[in-house]
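Novice: One structure, as structure tokens, below. Some questions next.
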There are 2 protein chains.
Amino acid sequence: MNPKELWFTENYCLDARFSMRVDRQVYSSKSRFQQIDVYDTPAFGRVLVLDGCLMLTEKDEFIYHEMIVHPAMAVRPDIKKVLVIGGGDGGCVRELVKYPTIEQIDLCEIDREVIKVSREFLPQTSARMDDIRVELHIADGLKFVRQQKNAYDLIIVDSTDPFGPGEGLFTREFYGNCLSALTENGILVNQHESPYYPGDALACQRAHRQLSAVFGDAYVYQAHIPTYPSGHWLFGFASKSGQDPRVFDGDAWDALGLKTRYYNTALHKGSFALPNYVLELLKNAEGMGY
Amino acid sequence: MNPKELWFTENYCLDARFSMRVDRQVYSSKSRFQQIDVYDTPAFGRVLVLDGCLMLTEKDEFIYHEMIVHPAMAVRPDIKKVLVIGGGDGGCVRELVKYPTIEQIDLCEIDREVIKVSREFLPQTSARMDDIRVELHIADGLKFVRQQKNAYDLIIVDSTDPFGPGEGLFTREFYGNCLSALTENGILVNQHESPYYPGDALACQRAHRQLSAVFGDAYVYQAHIPTYPSGHWLFGFASKSGQDPRVFDGDAWDALGLKTRYYNTALHKGSFALPNYVLELLKNAEGMGY
């Protein structure tokens, strides 16, 4: 039998692209906000694509979701109230509910269809959305966060790229509202794009510039996510108290006995050690005029 | 003007592939050992391809070459005699000659054509091959290293993948001969493949298994190399004295004032902190029967 020659291709820039063979298209529909596609692939399992951009694959989504959740939780094990903005696939929630000490998880997703599709077609990622501590808010994250004051110990911005529905989640106004929505020592973590391809690198600089302007110190850490453009992905970490996320009690986290496939406390520390060219990119961002 | 629709594609596995637009083919020829191609690309500059596998791009070869050289040099600043096996493109040599304390660099490349083509078409990478300390040996690395005893403080195995001409450079016999060729506290560093796609992960396990069997402790560190499969690349570090490469004098390296675009001493330490799934892969390798 010949393998099927159906391929999903994502353009990393005008002149580079990544393609995965597709066994079948499982779902395809346009929501009010974006085109949503789900494919079954032999190399990566089931994958979710929004507006042509790969959001997650069953093979490596654990990397992104572990790395956007566990560093903050290791730094502040006393976090009780969490807001996830975006994240309708449920991957952040799945990692958060591993902590019995978390009391409340508000998930604010603009697109109801993303939640519905993830629940139906991506059980590995969405399985814990029914946890009793999770409350769903189908709302624009920008507006939702504007109404919250001193309400969350942790805000996770699990956004799409800053083109399309996710655009507002990379602005100074948004980060300012997040600052007000955080409790005294509250932490904000965001997906911070990639330093490699020029368009992503610019988005990364903008995010860092805005986050730094609002929070003062903003830290950046990295992970290897093979199915994201360049495989080199960054996360931002900023806190109201200016806490250094490299300083934390690793033994205490280990003692929790949580099972992770990417994150560990040595890697946590290592992930904040960035290459020179990335440090330079971020340094230049701080002086950017916008 | 329409952009040219000429693309170079590398298959990462049967079901995933990466493609870059090509402006023009600069060189193409079959040597005694392999097919050699050089392309000009808008996204990555000039690129070198051997037997259809991307070896380097002008945009990110600095990552690979800095990371295969500087960690060992930071751990053992007194290294004087170095053997590079493979590396005909000159990238390792370019990084090594930055150290005035290195007295001798033997480069053993099996394929004379790779050196010739790199000298002609890849000046960014090959520019320092004429350094007075560099001696070229056009020879099979396996045979060359067998004749050396107690001769090198550092051996860098800058090989192609373990399919084709590079195959023998991943065997226990070869590592055993390297051990004999090293001086008392000598270090071996090798490119160690990637943990992500199944074929690469198997190659990585095999390399680790053989290296551990010969050297006892073998350490593994990682780098983000966007144009290699998955972007998550590993390197092996083994030494005759069982030295822990995470322990070194970072200030002393900084005091050398060398200019690097990826490597720095904080990143050096961080690069040895591997994800759980990679640690597990390597642990399983140690128990492999071959």
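Simple scheme: letters A, B, ... for chains in structure tokens order, numbers from 1 for residues in each chain, numbers from 1 for ligands in the order shown.
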Quick one: residues within 7 Å of stretch 99-111 of chain B, only C-alpha atoms counted, chain neighbours fewer than 4 positions away excluded, as an MDAnalysis selection string?

Specialist: chainID B and resid 33 79:88 133:141

Novice: Create the file for the chosen residues now, containing C-alpha atoms and written as an mmCIF file, in the first residue's frame.

Specialist:
```cif
data_model
loop_
_atom_site.group_PDB
_atom_site.id
_atom_site.type_symbol
_atom_site.label_atom_id
_atom_site.label_comp_id
_atom_site.auth_asym_id
_atom_site.auth_seq_id
_atom_site.Cartn_x
_atom_site.Cartn_y
_atom_site.Cartn_z
ATOM 1 C CA PHE B 33 32.391 9.271 -0.573
ATOM 2 C CA ILE B 79 44.218 21.976 26.247
ATOM 3 C CA LYS B 80 47.105 22.223 23.770
ATOM 4 C CA LYS B 81 46.706 19.449 21.218
ATOM 5 C CA VAL B 82 43.369 18.888 19.492
ATOM 6 C CA LEU B 83 42.183 16.348 16.962
ATOM 7 C CA VAL B 84 39.063 17.087 14.927
ATOM 8 C CA ILE B 85 37.619 14.076 13.134
ATOM 9 C CA GLY B 86 35.411 15.108 10.248
ATOM 10 C CA GLY B 87 34.782 18.835 10.295
ATOM 11 C CA GLY B 88 36.090 19.452 6.793
ATOM 12 C CA ARG B 133 48.539 25.492 13.908
ATOM 13 C CA VAL B 134 46.189 23.501 11.669
ATOM 14 C CA GLU B 135 47.434 20.357 9.927
ATOM 15 C CA LEU B 136 45.151 18.572 7.481
ATOM 16 C CA HIS B 137 45.059 14.799 7.264
ATOM 17 C CA ILE B 138 42.996 13.382 4.438
ATOM 18 C CA ALA B 139 42.278 10.029 6.011
ATOM 19 C CA ASP B 140 39.686 7.729 7.498
ATOM 20 C CA GLY B 141 39.208 8.862 11.097
#
```

Novice: Considering only C-alpha atoms, give me a table of residues in chain B that are at most 8 Å from chain A, with the closest atom pair and distance in Å for each, as CSV.

Specialist:
```
residue,atom,partner,partner_atom,distance
B:Cys13,CA,A:Ala43,CA,8.0
B:Asp15,CA,A:Arg21,CA,4.9
B:Ala16,CA,A:Met20,CA,4.3
B:Arg17,CA,A:Ser19,CA,5.3
B:Phe18,CA,A:Phe18,CA,4.6
B:Ser19,CA,A:Arg17,CA,5.3
B:Met20,CA,A:Ala16,CA,4.3
B:Arg21,CA,A:Asp15,CA,4.9
B:Pro42,CA,A:Asp15,CA,6.6
B:Ala43,CA,A:Asp15,CA,5.7
B:Tyr196,CA,A:Pro226,CA,7.7
B:His224,CA,A:His232,CA,6.0
B:Ile225,CA,A:Ser230,CA,7.8
B:Pro226,CA,A:Ser230,CA,4.5
B:Thr227,CA,A:Ser230,CA,7.2
B:Ser230,CA,A:Pro226,CA,4.5
B:Gly231,CA,A:Gly231,CA,5.0
B:His232,CA,A:His224,CA,6.0
B:Thr260,CA,A:Asn276,CA,7.2
B:Arg261,CA,A:Asn276,CA,5.0
B:Tyr262,CA,A:Pro275,CA,4.4
B:Tyr263,CA,A:Pro275,CA,6.0
B:Asn264,CA,A:Asn276,CA,6.7
B:Ala266,CA,A:Ala273,CA,5.6
B:Leu267,CA,A:Ala273,CA,4.7
B:Lys269,CA,A:Gly270,CA,6.9
B:Gly270,CA,A:Gly270,CA,3.6
B:Ser271,CA,A:Gly270,CA,6.5
B:Phe272,CA,A:Gly270,CA,7.8
B:Ala273,CA,A:Leu267,CA,4.7
B:Leu274,CA,A:Leu267,CA,6.0
B:Pro275,CA,A:Tyr262,CA,4.4
B:Asn276,CA,A:Tyr262,CA,4.8
B:Tyr277,CA,A:Arg261,CA,5.3
```

Novice: Excluding A:Asp251 and any residue of its chain fewer than 2 positions from it, enumerate the residues within 12 Å of it, using only C-alpha atoms, and give them as a PyMOL selection string.

Specialist: chain A and resi 74-75+77+248-249+253-257+264-266

Novice: Could those selected residues go to a file with C-alpha atoms, as a CSV table (one decimal), in the first residue's frame?

Specialist:
```csv
chain,number,residue,atom,x,y,z
A,74,ALA,CA,7.9,25.7,41.6
A,75,VAL,CA,8.8,29.3,42.3
A,77,PRO,CA,4.1,26.7,45.6
A,248,PHE,CA,13.5,28.5,44.3
A,249,ASP,CA,13.3,25.4,46.4
A,253,TRP,CA,9.0,20.7,44.2
A,254,ASP,CA,10.6,17.3,43.9
A,255,ALA,CA,8.9,16.3,47.1
A,256,LEU,CA,5.5,16.9,45.5
A,257,GLY,CA,6.2,13.7,43.4
A,264,ASN,CA,12.5,19.0,36.1
A,265,THR,CA,14.1,21.4,38.6
A,266,ALA,CA,17.6,21.3,37.1
```

Novice: Go through stretch 109-248 of chain A and collect every residue that DSSP, computed from the backbone, puts in strand (DSSP E); the answer should be as a ChimeraX atom specification.

Specialist: /A:109,134-138,152-158,182-191,218-224,232-239

Novice: Would you export the selected residues with C-alpha atoms as a tab-separated table (two decimals), in the first residue's frame, please?

Specialist:
```tsv
chain	number	residue	atom	x	y	z
A	109	GLU	CA	-11.03	31.49	26.15
A	134	VAL	CA	-11.99	24.81	36.73
A	135	GLU	CA	-14.41	27.53	35.70
A	136	LEU	CA	-14.81	28.37	32.01
A	137	HIS	CA	-15.31	31.94	30.84
A	138	ILE	CA	-16.06	32.35	27.17
A	152	TYR	CA	-5.06	35.95	40.86
A	153	ASP	CA	-1.76	34.60	42.17
A	154	LEU	CA	-0.82	33.47	38.67
A	155	ILE	CA	-1.91	34.52	35.20
A	156	ILE	CA	-0.88	32.29	32.30
A	157	VAL	CA	-1.18	33.86	28.86
A	158	ASP	CA	-1.47	30.82	26.62
A	182	LEU	CA	-2.57	39.95	40.21
A	183	THR	CA	-2.32	39.59	43.96
A	184	GLU	CA	0.59	41.05	45.88
A	185	ASN	CA	3.32	38.62	44.78
A	186	GLY	CA	1.47	37.53	41.67
A	187	ILE	CA	3.21	36.08	38.62
A	188	LEU	CA	2.50	36.39	34.92
A	189	VAL	CA	3.81	33.78	32.48
A	190	ASN	CA	3.28	34.06	28.75
A	191	GLN	CA	4.21	32.24	25.58
A	218	ALA	CA	10.83	40.43	33.00
A	219	TYR	CA	12.65	37.12	32.69
A	220	VAL	CA	12.72	34.88	29.65
A	221	TYR	CA	13.22	31.13	29.54
A	222	GLN	CA	13.37	28.61	26.73
A	223	ALA	CA	12.33	25.12	25.72
A	224	HIS	CA	12.87	22.72	22.83
A	232	HIS	CA	13.38	27.11	19.96
A	233	TRP	CA	10.53	28.59	21.95
A	234	LEU	CA	10.56	31.24	24.66
A	235	PHE	CA	8.38	31.99	27.67
A	236	GLY	CA	8.15	35.20	29.65
A	237	PHE	CA	8.10	35.35	33.47
A	238	ALA	CA	7.24	38.57	35.29
A	239	SER	CA	6.07	39.14	38.83
```

Novice: Skip A:His65 itself and residues of its chain fewer than 2 positions away, then list as a PDB file with C-alpha atoms, in the first residue's frame all residues within 7 Å of it, counting only C-alpha atoms.

Specialist:
```pdb
ATOM      1  CA  GLU A  61       2.403  19.255  23.487  1.00  0.00           C
ATOM      2  CA  PHE A  62       3.595  18.061  26.903  1.00  0.00           C
ATOM      3  CA  ILE A  63       6.721  20.193  26.463  1.00  0.00           C
ATOM      4  CA  MET A  67       6.982  24.581  30.606  1.00  0.00           C
ATOM      5  CA  ILE A  68       4.266  27.226  30.733  1.00  0.00           C
ATOM      6  CA  VAL A  69       2.974  25.922  34.097  1.00  0.00           C
ATOM      7  CA  GLY A  91      -3.266  21.576  28.231  1.00  0.00           C
ATOM      8  CA  CYS A  92      -2.452  24.219  30.855  1.00  0.00           C
ATOM      9  CA  GLU A  95      -0.819  20.516  34.301  1.00  0.00           C
TER      10      GLU A  95
END
```

Novice: Per DSSP on the backbone, filter stretch 12-88 of chain B down to the residues in alpha helix (DSSP H) and report them as number ranges by chain.

Specialist: B: 61-75

Novice: Please list as a VMD selection string every residue within 9 Å of stretch 163-167 of chain A, counting only C-alpha atoms and excluding residues in the same chain fewer than 2 positions away.

Specialist: chain A and resid 33 to 34 51 86 110 159 to 161 169 to 171

Novice: Hey, can you spit out that residue selection with N, CA and C atoms as a tab-separated table (two decimals), in the first residue's frame?

Specialist:
```
chain	number	residue	atom	x	y	z
A	33	PHE	N	-14.13	33.21	15.11
A	33	PHE	CA	-12.82	33.86	15.27
A	33	PHE	C	-11.72	33.34	14.36
A	34	GLN	N	-11.81	32.05	13.98
A	34	GLN	CA	-10.67	31.48	13.27
A	34	GLN	C	-11.04	30.15	12.61
A	51	ASP	N	-6.09	28.75	12.19
A	51	ASP	CA	-5.71	29.67	11.11
A	51	ASP	C	-4.41	29.25	10.42
A	86	GLY	N	-6.70	32.23	27.09
A	86	GLY	CA	-6.50	31.32	25.95
A	86	GLY	C	-6.54	29.90	26.49
A	110	ILE	N	-11.58	32.92	24.28
A	110	ILE	CA	-12.47	33.74	23.46
A	110	ILE	C	-13.34	32.88	22.53
A	159	SER	N	-1.53	32.20	24.66
A	159	SER	CA	-2.16	32.81	23.49
A	159	SER	C	-1.69	32.18	22.19
A	160	THR	N	-2.42	32.44	21.12
A	160	THR	CA	-1.92	32.18	19.78
A	160	THR	C	-0.88	33.26	19.44
A	161	ASP	N	-0.35	33.21	18.24
A	161	ASP	CA	0.61	34.23	17.83
A	161	ASP	C	-0.05	35.61	17.78
A	169	LEU	N	-3.21	40.36	23.14
A	169	LEU	CA	-2.60	39.77	24.32
A	169	LEU	C	-1.09	40.01	24.36
A	170	PHE	N	-0.60	40.84	23.45
A	170	PHE	CA	0.81	41.20	23.46
A	170	PHE	C	0.99	42.71	23.66
A	171	THR	N	-0.04	43.39	24.13
A	171	THR	CA	0.04	44.85	24.23
A	171	THR	C	0.33	45.31	25.66
```

Novice: In Å, with one decimal, what is the gap from atom CA of B:Gln35 to atom CA of B:Leu48?

Specialist: 10.7 Å

Novice: Between atom CA of B:Glu58 and atom CA of B:Gln25, what is the spacing in Å?

Specialist: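 About the pair atom CA of B:Gln25 and atom CA of B:Glu58: they are 15.1 Å apart.
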
Novice: Applying 10 Å and only C-alpha atoms, which residues near B:Arg119 remain after dropping the ones on its own chain fewer than 2 positions away? List them as a VMD selection string.

Specialist: chain B and resid 88 to 90 113 to 117 121 to 130

Novice: Would you compute the distance between atom CA of B:Ala285 and atom CA of B:Arg246? Give it in Å to one decimal.

Specialist: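 Here the two named atoms are 21.7 Å from each other.
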